[in-house]
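Peer 1: Structure: structure_24.tsv, TSV, C-alpha atoms.
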```
chain	number	residue	atom	x	y	z
A	16	MET	CA	4.61	18.74	5.00
A	17	ASP	CA	5.19	17.58	1.44
A	18	PHE	CA	4.81	13.85	1.10
A	19	LEU	CA	6.36	13.94	-2.38
A	20	GLN	CA	9.68	14.89	-0.77
A	21	LEU	CA	9.54	11.86	1.51
A	22	ALA	CA	8.50	9.59	-1.38
A	23	ARG	CA	11.53	10.82	-3.34
A	24	THR	CA	13.85	10.03	-0.42
A	25	ARG	CA	12.55	6.50	0.14
A	26	GLN	CA	14.40	3.69	-1.56
A	27	SER	CA	14.72	-0.02	-0.89
A	28	ILE	CA	17.85	-0.40	1.24
A	29	ARG	CA	19.81	-3.65	1.11
A	30	LYS	CA	22.97	-2.73	3.05
A	31	TYR	CA	22.84	-2.11	6.78
A	32	GLN	CA	25.23	-0.91	9.46
A	33	ASP	CA	26.15	-3.32	12.22
A	34	ARG	CA	24.15	-1.24	14.67
A	35	MET	CA	21.12	-1.91	16.81
A	36	VAL	CA	17.82	-0.17	16.02
A	37	GLU	CA	16.17	1.57	18.96
A	38	GLY	CA	12.91	0.00	20.09
A	39	GLU	CA	11.18	3.37	20.11
A	40	LYS	CA	11.89	3.85	16.41
A	41	ILE	CA	10.41	0.47	15.54
A	42	GLU	CA	7.39	1.29	17.68
A	43	ASN	CA	6.85	4.54	15.75
A	44	CYS	CA	6.94	2.57	12.50
A	45	VAL	CA	4.24	0.20	13.80
A	46	LYS	CA	2.22	3.21	14.99
A	47	ALA	CA	2.32	4.62	11.46
A	48	ALA	CA	1.33	1.22	10.04
A	49	ALA	CA	-1.62	1.07	12.45
A	50	LEU	CA	-2.97	4.28	10.89
A	51	ALA	CA	-3.18	2.80	7.40
A	52	PRO	CA	-6.65	2.60	5.86
A	53	SER	CA	-8.17	-0.87	5.36
A	54	ALA	CA	-11.28	-2.29	3.71
A	55	CYS	CA	-14.20	-1.93	6.17
A	56	ASN	CA	-11.59	-0.84	8.76
A	57	SER	CA	-10.68	-4.51	9.33
A	58	GLN	CA	-6.99	-3.75	10.15
A	59	PRO	CA	-6.02	-7.36	9.37
A	60	TRP	CA	-2.37	-7.09	10.48
A	61	LYS	CA	0.06	-8.01	13.18
A	62	PHE	CA	3.74	-7.06	13.16
A	63	ILE	CA	6.23	-9.49	14.67
A	64	ILE	CA	9.55	-7.78	15.36
A	65	VAL	CA	12.38	-10.29	15.14
A	66	ASP	CA	15.65	-9.06	16.63
A	67	ASP	CA	16.82	-12.00	18.73
A	68	SER	CA	19.64	-14.28	17.59
A	69	PRO	CA	19.62	-16.94	16.26
A	70	LEU	CA	15.89	-16.52	15.47
A	71	ARG	CA	16.56	-13.46	13.34
A	72	GLU	CA	19.10	-15.28	11.17
A	73	GLN	CA	16.72	-18.20	10.80
A	74	VAL	CA	13.94	-15.89	9.60
A	75	ALA	CA	16.36	-14.05	7.28
A	76	ARG	CA	17.49	-17.31	5.67
A	77	ALA	CA	13.83	-18.22	5.07
A	78	THR	CA	13.70	-15.35	2.53
A	79	TRP	CA	16.42	-16.94	0.41
A	80	SER	CA	15.72	-19.01	-2.66
A	81	ALA	CA	17.29	-22.40	-3.39
A	82	VAL	CA	17.36	-21.54	-7.10
A	83	VAL	CA	18.38	-17.87	-7.43
A	84	PRO	CA	20.70	-15.87	-5.15
A	85	ILE	CA	18.13	-13.38	-3.80
A	86	ASN	CA	17.70	-11.72	-0.41
A	87	LYS	CA	21.14	-12.76	0.92
A	88	PHE	CA	21.46	-9.23	2.32
A	89	THR	CA	18.75	-9.94	4.90
A	90	LEU	CA	21.28	-11.82	7.05
A	91	GLN	CA	22.90	-8.43	7.85
A	92	ALA	CA	19.64	-6.73	8.83
A	93	PRO	CA	19.51	-6.15	12.61
A	94	VAL	CA	15.72	-6.41	12.54
A	95	MET	CA	13.37	-8.55	10.48
A	96	VAL	CA	9.65	-7.80	10.59
A	97	VAL	CA	6.99	-10.37	9.73
A	98	VAL	CA	3.62	-8.94	8.72
A	99	VAL	CA	0.99	-11.50	9.66
A	100	ALA	CA	-2.33	-11.68	7.81
A	101	GLU	CA	-4.94	-11.88	10.56
A	102	GLY	CA	-7.86	-12.77	8.33
A	103	GLY	CA	-9.88	-9.56	8.16
A	104	ASN	CA	-13.50	-9.03	9.15
A	105	ILE	CA	-16.59	-10.52	7.54
A	106	PRO	CA	-17.68	-7.48	5.44
A	107	SER	CA	-14.21	-7.09	3.90
A	108	ARG	CA	-13.95	-10.82	3.16
A	109	MET	CA	-17.42	-10.94	1.61
A	110	GLY	CA	-16.80	-7.78	-0.40
A	111	GLY	CA	-13.51	-9.17	-1.68
A	112	LYS	CA	-15.21	-12.37	-2.75
A	113	VAL	CA	-17.86	-10.52	-4.76
A	114	GLN	CA	-15.29	-8.16	-6.28
A	115	ASN	CA	-12.78	-10.97	-6.89
A	116	LYS	CA	-10.09	-9.05	-5.01
A	117	ASP	CA	-7.97	-9.87	-2.00
A	118	PHE	CA	-8.58	-6.79	0.15
A	119	GLN	CA	-6.50	-8.27	2.95
A	120	GLU	CA	-3.40	-8.43	0.73
A	121	MET	CA	-3.99	-4.82	-0.31
A	122	ASP	CA	-4.50	-3.70	3.30
A	123	LEU	CA	-1.32	-5.44	4.43
A	124	ALA	CA	0.66	-3.92	1.57
A	125	ILE	CA	-0.43	-0.39	2.50
A	126	ALA	CA	0.25	-0.91	6.22
A	127	THR	CA	3.66	-2.35	5.36
A	128	GLN	CA	4.47	0.70	3.27
A	129	HIS	CA	3.34	3.01	6.11
A	130	PHE	CA	5.89	1.18	8.30
A	131	CYS	CA	8.61	1.77	5.68
A	132	LEU	CA	7.71	5.46	5.19
A	133	GLN	CA	7.96	6.12	8.92
A	134	ALA	CA	11.30	4.27	8.86
A	135	VAL	CA	12.57	6.96	6.44
A	136	SER	CA	11.51	9.63	8.97
A	137	GLU	CA	13.46	7.71	11.63
A	138	GLY	CA	16.63	7.61	9.50
A	139	LEU	CA	16.21	3.86	8.90
A	140	GLY	CA	16.37	1.84	5.69
A	141	THR	CA	13.97	-0.97	4.80
A	142	CYS	CA	13.29	-3.46	2.07
A	143	ILE	CA	9.91	-5.13	1.56
A	144	LEU	CA	10.22	-8.86	0.91
A	145	GLY	CA	7.54	-10.84	-0.92
A	146	TRP	CA	9.59	-14.00	-1.32
A	147	PHE	CA	9.92	-16.32	1.68
A	148	ASN	CA	9.32	-19.83	2.94
A	149	GLU	CA	6.11	-19.20	4.86
A	150	LYS	CA	6.09	-22.58	6.56
A	151	LYS	CA	9.57	-22.10	8.04
A	152	VAL	CA	8.80	-18.58	9.29
A	153	LYS	CA	5.50	-19.64	10.82
A	154	LYS	CA	7.19	-22.50	12.66
A	155	ALA	CA	10.08	-20.32	13.90
A	156	LEU	CA	7.73	-17.68	15.35
A	157	ALA	CA	4.91	-19.94	16.53
A	158	ILE	CA	2.41	-18.29	14.17
A	159	PRO	CA	-0.96	-20.12	14.38
A	160	GLU	CA	-1.79	-22.52	11.58
A	161	ASN	CA	-4.81	-20.47	10.42
A	162	LYS	CA	-2.84	-17.23	9.93
A	163	GLY	CA	-0.84	-16.34	6.84
A	164	ILE	CA	2.14	-14.08	6.23
A	165	GLY	CA	1.54	-11.11	3.95
A	166	LEU	CA	5.00	-9.62	3.58
A	167	MET	CA	8.28	-9.30	5.43
A	168	ILE	CA	10.48	-6.25	5.97
A	169	SER	CA	14.21	-6.01	6.64
A	170	VAL	CA	15.17	-2.98	8.75
A	171	GLY	CA	18.41	-1.28	9.74
A	172	TYR	CA	20.54	1.84	9.49
A	173	PRO	CA	21.63	2.26	5.84
A	174	GLU	CA	25.31	1.53	5.20
A	175	GLY	CA	27.43	3.27	2.56
A	176	LYS	CA	26.34	5.31	-0.45
A	177	THR	CA	22.69	5.79	-1.43
A	178	PRO	CA	21.92	3.10	-4.05
A	179	PRO	CA	21.27	4.28	-7.64
A	180	ARG	CA	17.64	5.32	-8.22
A	181	LYS	CA	15.37	2.79	-9.87
A	182	LYS	CA	14.18	3.82	-13.31
A	183	ARG	CA	10.57	4.99	-13.26
A	184	ARG	CA	7.97	5.03	-16.02
A	185	GLU	CA	7.31	8.54	-17.28
A	186	LEU	CA	4.30	10.50	-16.14
A	187	LYS	CA	2.76	10.65	-19.61
A	188	GLU	CA	2.86	6.85	-19.73
A	189	ILE	CA	1.06	6.31	-16.43
A	190	MET	CA	-1.50	9.12	-16.48
A	191	SER	CA	-4.35	9.98	-18.81
A	192	PHE	CA	-7.55	12.03	-18.73
A	193	ASN	CA	-11.09	10.73	-19.13
A	194	ARG	CA	-10.09	7.68	-21.13
A	195	TYR	CA	-7.41	5.00	-21.15
B	20	MET	CA	9.77	15.36	8.15
B	21	ASP	CA	7.75	13.07	10.37
B	22	PHE	CA	5.55	10.73	8.37
B	23	LEU	CA	3.62	9.74	11.49
B	24	GLN	CA	2.20	13.27	11.62
B	25	LEU	CA	0.93	12.97	8.05
B	26	ALA	CA	-0.48	9.49	8.73
B	27	ARG	CA	-2.38	10.90	11.71
B	28	THR	CA	-3.87	13.66	9.55
B	29	ARG	CA	-5.03	11.37	6.75
B	30	GLN	CA	-8.60	10.11	6.87
B	31	SER	CA	-11.02	8.83	4.29
B	32	ILE	CA	-13.03	11.87	3.18
B	33	ARG	CA	-16.57	11.37	1.88
B	34	LYS	CA	-17.81	14.97	1.68
B	35	TYR	CA	-16.42	17.38	-0.89
B	36	GLN	CA	-16.74	21.07	-1.68
B	37	ASP	CA	-18.25	22.04	-4.99
B	38	ARG	CA	-14.88	23.26	-6.19
B	39	MET	CA	-12.56	22.21	-8.98
B	40	VAL	CA	-9.24	20.56	-8.16
B	41	GLU	CA	-6.20	22.11	-9.82
B	42	GLY	CA	-4.53	19.88	-12.43
B	43	GLU	CA	-1.12	20.52	-10.91
B	44	LYS	CA	-2.23	19.06	-7.58
B	45	ILE	CA	-3.52	15.89	-9.23
B	46	GLU	CA	-0.26	15.65	-11.15
B	47	ASN	CA	1.71	15.83	-7.89
B	48	CYS	CA	-0.39	12.99	-6.51
B	49	VAL	CA	0.40	10.83	-9.55
B	50	LYS	CA	4.08	11.76	-9.23
B	51	ALA	CA	4.04	10.50	-5.63
B	52	ALA	CA	2.27	7.31	-6.75
B	53	ALA	CA	4.90	6.76	-9.43
B	54	LEU	CA	7.57	6.63	-6.70
B	55	ALA	CA	5.91	3.72	-4.90
B	56	PRO	CA	7.95	0.52	-4.69
B	57	SER	CA	6.74	-2.51	-6.67
B	58	ALA	CA	7.71	-6.17	-6.97
B	59	CYS	CA	10.67	-6.42	-9.39
B	60	ASN	CA	10.10	-2.71	-10.13
B	61	SER	CA	7.25	-3.64	-12.48
B	62	GLN	CA	5.23	-0.44	-11.79
B	63	PRO	CA	2.02	-2.11	-13.03
B	64	TRP	CA	-0.18	0.97	-12.83
B	65	LYS	CA	-1.92	3.64	-14.87
B	66	PHE	CA	-4.01	6.46	-13.39
B	67	ILE	CA	-7.01	7.68	-15.37
B	68	ILE	CA	-8.18	11.05	-14.10
B	69	VAL	CA	-11.91	11.44	-14.70
B	70	ASP	CA	-13.17	15.03	-14.35
B	71	ASP	CA	-15.37	15.48	-17.41
B	72	SER	CA	-19.14	15.45	-17.16
B	73	PRO	CA	-21.16	13.31	-17.65
B	74	LEU	CA	-18.36	10.70	-17.71
B	75	ARG	CA	-17.41	11.44	-14.11
B	76	GLU	CA	-20.96	10.87	-12.87
B	77	GLN	CA	-21.16	7.65	-14.86
B	78	VAL	CA	-17.96	6.36	-13.26
B	79	ALA	CA	-19.13	7.49	-9.80
B	80	ARG	CA	-22.41	5.61	-10.19
B	81	ALA	CA	-20.47	2.47	-11.14
B	82	THR	CA	-19.16	2.37	-7.52
B	83	TRP	CA	-22.69	2.07	-6.13
B	84	SER	CA	-24.24	-1.22	-5.13
B	85	ALA	CA	-27.73	-2.38	-6.12
B	86	VAL	CA	-28.13	-4.05	-2.74
B	87	VAL	CA	-26.63	-1.72	-0.10
B	88	PRO	CA	-26.49	2.10	-0.16
B	89	ILE	CA	-22.70	2.50	-0.37
B	90	ASN	CA	-20.50	5.05	-2.15
B	91	LYS	CA	-23.37	7.47	-2.93
B	92	PHE	CA	-21.03	10.29	-1.92
B	93	THR	CA	-18.86	9.72	-4.98
B	94	LEU	CA	-21.36	11.62	-7.11
B	95	GLN	CA	-20.23	14.83	-5.36
B	96	ALA	CA	-16.51	14.21	-5.94
B	97	PRO	CA	-15.13	16.61	-8.57
B	98	VAL	CA	-12.52	14.02	-9.60
B	99	MET	CA	-12.66	10.24	-9.81
B	100	VAL	CA	-9.43	8.33	-10.39
B	101	VAL	CA	-9.33	4.85	-11.86
B	102	VAL	CA	-6.18	2.84	-11.08
B	103	VAL	CA	-5.67	0.42	-13.94
B	104	ALA	CA	-3.79	-2.86	-13.42
B	105	GLU	CA	-1.33	-3.01	-16.31
B	106	GLY	CA	-0.31	-6.64	-15.82
B	107	GLY	CA	3.18	-6.38	-14.32
B	108	ASN	CA	6.42	-7.85	-15.66
B	109	ILE	CA	7.33	-11.52	-16.03
B	110	PRO	CA	9.54	-11.88	-12.90
B	111	SER	CA	6.87	-10.37	-10.63
B	112	ARG	CA	4.15	-12.54	-12.16
B	113	MET	CA	6.23	-15.71	-11.88
B	114	GLY	CA	7.29	-14.87	-8.33
B	115	GLY	CA	3.70	-14.24	-7.34
B	116	LYS	CA	2.64	-17.56	-8.79
B	117	VAL	CA	5.25	-19.47	-6.79
B	118	GLN	CA	4.47	-17.53	-3.60
B	119	ASN	CA	0.71	-17.71	-4.16
B	120	LYS	CA	0.42	-13.93	-3.86
B	121	ASP	CA	-0.92	-11.24	-6.15
B	122	PHE	CA	2.00	-8.82	-6.17
B	123	GLN	CA	0.22	-6.62	-8.70
B	124	GLU	CA	-2.68	-6.02	-6.30
B	125	MET	CA	-0.21	-5.17	-3.54
B	126	ASP	CA	1.75	-2.82	-5.82
B	127	LEU	CA	-1.42	-1.02	-6.92
B	128	ALA	CA	-2.59	-0.65	-3.34
B	129	ILE	CA	0.68	0.98	-2.27
B	130	ALA	CA	0.76	3.32	-5.30
B	131	THR	CA	-2.87	4.27	-4.63
B	132	GLN	CA	-2.04	5.11	-1.03
B	133	HIS	CA	0.95	7.22	-2.18
B	134	PHE	CA	-1.54	9.17	-4.30
B	135	CYS	CA	-3.79	9.68	-1.26
B	136	LEU	CA	-0.91	10.70	1.03
B	137	GLN	CA	0.24	13.37	-1.41
B	138	ALA	CA	-3.39	14.51	-1.62
B	139	VAL	CA	-3.21	15.29	2.13
B	140	SER	CA	-0.13	17.43	1.45
B	141	GLU	CA	-2.12	19.24	-1.24
B	142	GLY	CA	-5.02	19.95	1.12
B	143	LEU	CA	-7.25	17.45	-0.68
B	144	GLY	CA	-9.42	14.66	0.67
B	145	THR	CA	-9.67	11.19	-0.85
B	146	CYS	CA	-11.44	7.89	-0.36
B	147	ILE	CA	-10.13	4.60	-1.76
B	148	LEU	CA	-12.89	2.52	-3.35
B	149	GLY	CA	-12.63	-1.24	-3.75
B	150	TRP	CA	-16.24	-1.79	-4.75
B	151	PHE	CA	-17.22	-1.01	-8.36
B	152	ASN	CA	-18.70	-2.44	-11.52
B	153	GLU	CA	-15.48	-3.05	-13.42
B	154	LYS	CA	-17.19	-3.80	-16.72
B	155	LYS	CA	-19.07	-0.48	-16.75
B	156	VAL	CA	-15.98	1.55	-15.85
B	157	LYS	CA	-13.85	-0.19	-18.47
B	158	LYS	CA	-16.45	0.49	-21.13
B	159	ALA	CA	-16.88	4.15	-20.13
B	160	LEU	CA	-13.14	4.85	-20.28
B	161	ALA	CA	-12.21	2.59	-23.21
B	162	ILE	CA	-9.92	0.48	-21.03
B	163	PRO	CA	-8.57	-2.46	-23.08
B	164	GLU	CA	-10.15	-5.86	-22.51
B	165	ASN	CA	-6.91	-7.39	-21.17
B	166	LYS	CA	-6.42	-4.78	-18.41
B	167	GLY	CA	-8.08	-4.84	-15.01
B	168	ILE	CA	-8.99	-2.17	-12.50
B	169	GLY	CA	-7.22	-2.37	-9.15
B	170	LEU	CA	-8.88	0.37	-7.15
B	171	MET	CA	-10.63	3.70	-7.59
B	172	ILE	CA	-10.18	6.97	-5.70
B	173	SER	CA	-12.61	9.84	-5.15
B	174	VAL	CA	-10.86	13.22	-4.81
B	175	GLY	CA	-11.91	16.72	-3.79
B	176	TYR	CA	-11.55	19.50	-1.25
B	177	PRO	CA	-12.98	18.31	2.08
B	178	GLU	CA	-16.28	19.88	3.08
B	179	GLY	CA	-17.39	20.55	6.64
B	180	LYS	CA	-16.02	19.17	9.88
B	181	THR	CA	-13.29	16.53	10.04
B	182	PRO	CA	-15.07	13.16	10.32
B	183	PRO	CA	-14.70	11.25	13.63
B	184	ARG	CA	-11.54	9.13	13.78
B	185	LYS	CA	-11.91	5.45	13.04
B	186	LYS	CA	-11.21	3.22	16.02
B	187	ARG	CA	-7.80	1.55	15.76
B	188	ARG	CA	-6.56	-1.69	17.28
B	189	GLU	CA	-4.17	-1.07	20.15
B	190	LEU	CA	-0.43	-1.32	19.67
B	191	LYS	CA	-0.06	-4.25	22.06
B	192	GLU	CA	-2.59	-6.18	19.98
B	193	ILE	CA	-0.79	-5.67	16.67
B	194	MET	CA	2.86	-5.90	17.72
B	195	SER	CA	4.91	-8.63	19.34
B	196	PHE	CA	8.56	-9.58	19.68
B	197	ASN	CA	10.23	-12.72	18.37
B	198	ARG	CA	7.08	-14.81	18.39
B	199	TYR	CA	3.42	-14.48	17.51
```
Go ahead and express the file in the form of structure tokens.
Peer 2:
Amino acid sequence: MDFLQLARTRQSIRKYQDRMVEGEKIENCVKAAALAPSACNSQPWKFIIVDDSPLREQVARATWSAVVPINKFTLQAPVMVVVVAEGGNIPSRMGGKVQNKDFQEMDLAIATQHFCLQAVSEGLGTCILGWFNEKKVKKALAIPENKGIGLMISVGYPEGKTPPRKKRRELKEIMSFNRY
Amino acid sequence: MDFLQLARTRQSIRKYQDRMVEGEKIENCVKAAALAPSACNSQPWKFIIVDDSPLREQVARATWSAVVPINKFTLQAPVMVVVVAEGGNIPSRMGGKVQNKDFQEMDLAIATQHFCLQAVSEGLGTCILGWFNEKKVKKALAIPENKGIGLMISVGYPEGKTPPRKKRRELKEIMSFNRY
């Protein structure tokens, strides 16, 4: 299996068919996420699958901005996923403190991308969302006060033409040997 | 192509054969990393491939700790990769500030994992390293003062038996529907 082929297929999808997503497919995506590596194997994630109306619409609207018209497409997504930051274990938190890095954020990002890569295998489209009103989402889903939200994901069957490819930096720009 | 299969195969590898890694394989890994999504498409990464002695050993030793015996295995890795944090673009930085998230760290983590997933396809083993002496590595590789290091990766052909699988949290623990 060539991962590069899958990576080339994956794109952020912002248009979805008005069609339910099978529970088994979502479960496979979470299974793939569960296999992501994490600092000190802390696995600091929980995936809340939101597919019930009107909760789903409420969560979708929480990704909108009052200032700029972003994320309006989420209202059409049949599934919204909320990736909860569970806190991590003590070694990973201590290590992050010393290294001045947020290992939990990194772990959640990788697990989220595992979810999205499996979604490609399932014929689904996803978009990772980093902009949302955390307070509103936490209240809507009864997420405990001491937990945070790392990212959100919109999920559905892609609708219409494949979107144009995002421009990528060239290999010679992003790769060097033995010095910067 | 089923990503889940690849995710099940991937493991952190800490024992390497005394065998060079072909440049083309490393290039494919960077190509896969380049296709990772990033906040506002900022692609805030650069991959420095370190395979020259004694620079490689110097960089490997910079992942060791003076207090606990971690990362000693890196000295045997024929390739060390340093993932430089390039700073990101203005929208992603501003968005991160408002959302109180470090999108650059998340972007680098995902791109790093893309590298490691392609490595599996190439028959290579990798281990992501979040613990290192940033100052020493920056000096060794002439990384500019204003750039940071997100993560490092050790790379090589796996040696010996497949390591025992890490214990994973159960699906019912990490997945719920419509509420926490």
Peer 1: Quote the spacing between atom CA of Val78 of chain B and atom CA of Val113 of chain A in Å to one decimal place.
Peer 2: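 Calculated distance between atom CA of Val78 of chain B and atom CA of Val113 of chain A is 18.9 Å.
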Peer 1: Please identify all residues of chain A having at least one atom at most 7 Å from any atom of chain B, considering all atoms listed in the file, and return them as an MDAnalysis selection string.
Peer 2: chainID A and resid 16:19 22:23 47 50 60:67 114 120:121 124:125 128 132:133 136 146 156:158 189:195
Peer 1: Atoms to include: C-alpha atoms. Write the selected residues as a PDB file, in the coordinates of the input.
Peer 2:
```pdb
ATOM      1  CA  MET A  16       4.610  18.740   5.000  1.00  0.00           C
ATOM      2  CA  ASP A  17       5.190  17.580   1.440  1.00  0.00           C
ATOM      3  CA  PHE A  18       4.810  13.850   1.100  1.00  0.00           C
ATOM      4  CA  LEU A  19       6.360  13.940  -2.380  1.00  0.00           C
ATOM      5  CA  ALA A  22       8.500   9.590  -1.380  1.00  0.00           C
ATOM      6  CA  ARG A  23      11.530  10.820  -3.340  1.00  0.00           C
ATOM      7  CA  ALA A  47       2.320   4.620  11.460  1.00  0.00           C
ATOM      8  CA  LEU A  50      -2.970   4.280  10.890  1.00  0.00           C
ATOM      9  CA  TRP A  60      -2.370  -7.090  10.480  1.00  0.00           C
ATOM     10  CA  LYS A  61       0.060  -8.010  13.180  1.00  0.00           C
ATOM     11  CA  PHE A  62       3.740  -7.060  13.160  1.00  0.00           C
ATOM     12  CA  ILE A  63       6.230  -9.490  14.670  1.00  0.00           C
ATOM     13  CA  ILE A  64       9.550  -7.780  15.360  1.00  0.00           C
ATOM     14  CA  VAL A  65      12.380 -10.290  15.140  1.00  0.00           C
ATOM     15  CA  ASP A  66      15.650  -9.060  16.630  1.00  0.00           C
ATOM     16  CA  ASP A  67      16.820 -12.000  18.730  1.00  0.00           C
ATOM     17  CA  GLN A 114     -15.290  -8.160  -6.280  1.00  0.00           C
ATOM     18  CA  GLU A 120      -3.400  -8.430   0.730  1.00  0.00           C
ATOM     19  CA  MET A 121      -3.990  -4.820  -0.310  1.00  0.00           C
ATOM     20  CA  ALA A 124       0.660  -3.920   1.570  1.00  0.00           C
ATOM     21  CA  ILE A 125      -0.430  -0.390   2.500  1.00  0.00           C
ATOM     22  CA  GLN A 128       4.470   0.700   3.270  1.00  0.00           C
ATOM     23  CA  LEU A 132       7.710   5.460   5.190  1.00  0.00           C
ATOM     24  CA  GLN A 133       7.960   6.120   8.920  1.00  0.00           C
ATOM     25  CA  SER A 136      11.510   9.630   8.970  1.00  0.00           C
ATOM     26  CA  TRP A 146       9.590 -14.000  -1.320  1.00  0.00           C
ATOM     27  CA  LEU A 156       7.730 -17.680  15.350  1.00  0.00           C
ATOM     28  CA  ALA A 157       4.910 -19.940  16.530  1.00  0.00           C
ATOM     29  CA  ILE A 158       2.410 -18.290  14.170  1.00  0.00           C
ATOM     30  CA  ILE A 189       1.060   6.310 -16.430  1.00  0.00           C
ATOM     31  CA  MET A 190      -1.500   9.120 -16.480  1.00  0.00           C
ATOM     32  CA  SER A 191      -4.350   9.980 -18.810  1.00  0.00           C
ATOM     33  CA  PHE A 192      -7.550  12.030 -18.730  1.00  0.00           C
ATOM     34  CA  ASN A 193     -11.090  10.730 -19.130  1.00  0.00           C
ATOM     35  CA  ARG A 194     -10.090   7.680 -21.130  1.00  0.00           C
ATOM     36  CA  TYR A 195      -7.410   5.000 -21.150  1.00  0.00           C
TER      37      TYR A 195
END
```
Peer 1: Identify, on the basis of only C-alpha atoms, every residue whose closest approach to Asp33 of chain A does not exceed 9 Å; exclude the query and any residue fewer than 4 positions from it along the same chain; express the result as an MDAnalysis selection string.
Peer 2: chainID A and resid 91:93 171:172 174
Peer 1: Could you tell me how far atom CA of Glu76 of chain B lies from atom CA of Leu94 of chain B, in Å and to one decimal?
Peer 2: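 Pair atom CA of Glu76 of chain B / atom CA of Leu94 of chain B returns 5.8 Å.
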Peer 1: Could you tell me how far atom CA of Ala77 of chain A lies from atom CA of Gly163 of chain A, in Å and to one decimal?
Peer 2: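 Taking atom CA of Ala77 of chain A and atom CA of Gly163 of chain A, their separation equals 14.9 Å.
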Peer 1: Contacts of Ile28 of chain A at 7 Å or less, counting only C-alpha atoms, minus same-chain residues fewer than 6 places along, as a count of residues only?
Peer 2: 4
Peer 1: Could the centre and edge lengths of an axis-aligned box, enclosing all atoms of segment 91-102 of chain A in the file with 3 Å extra on each side, be given in Å to one decimal as lines of an AutoDock Vina configuration file?
Peer 2:
```
center_x = 7.5
center_y = -9.5
center_z = 10.2
size_x = 36.8
size_y = 12.6
size_z = 10.8
```
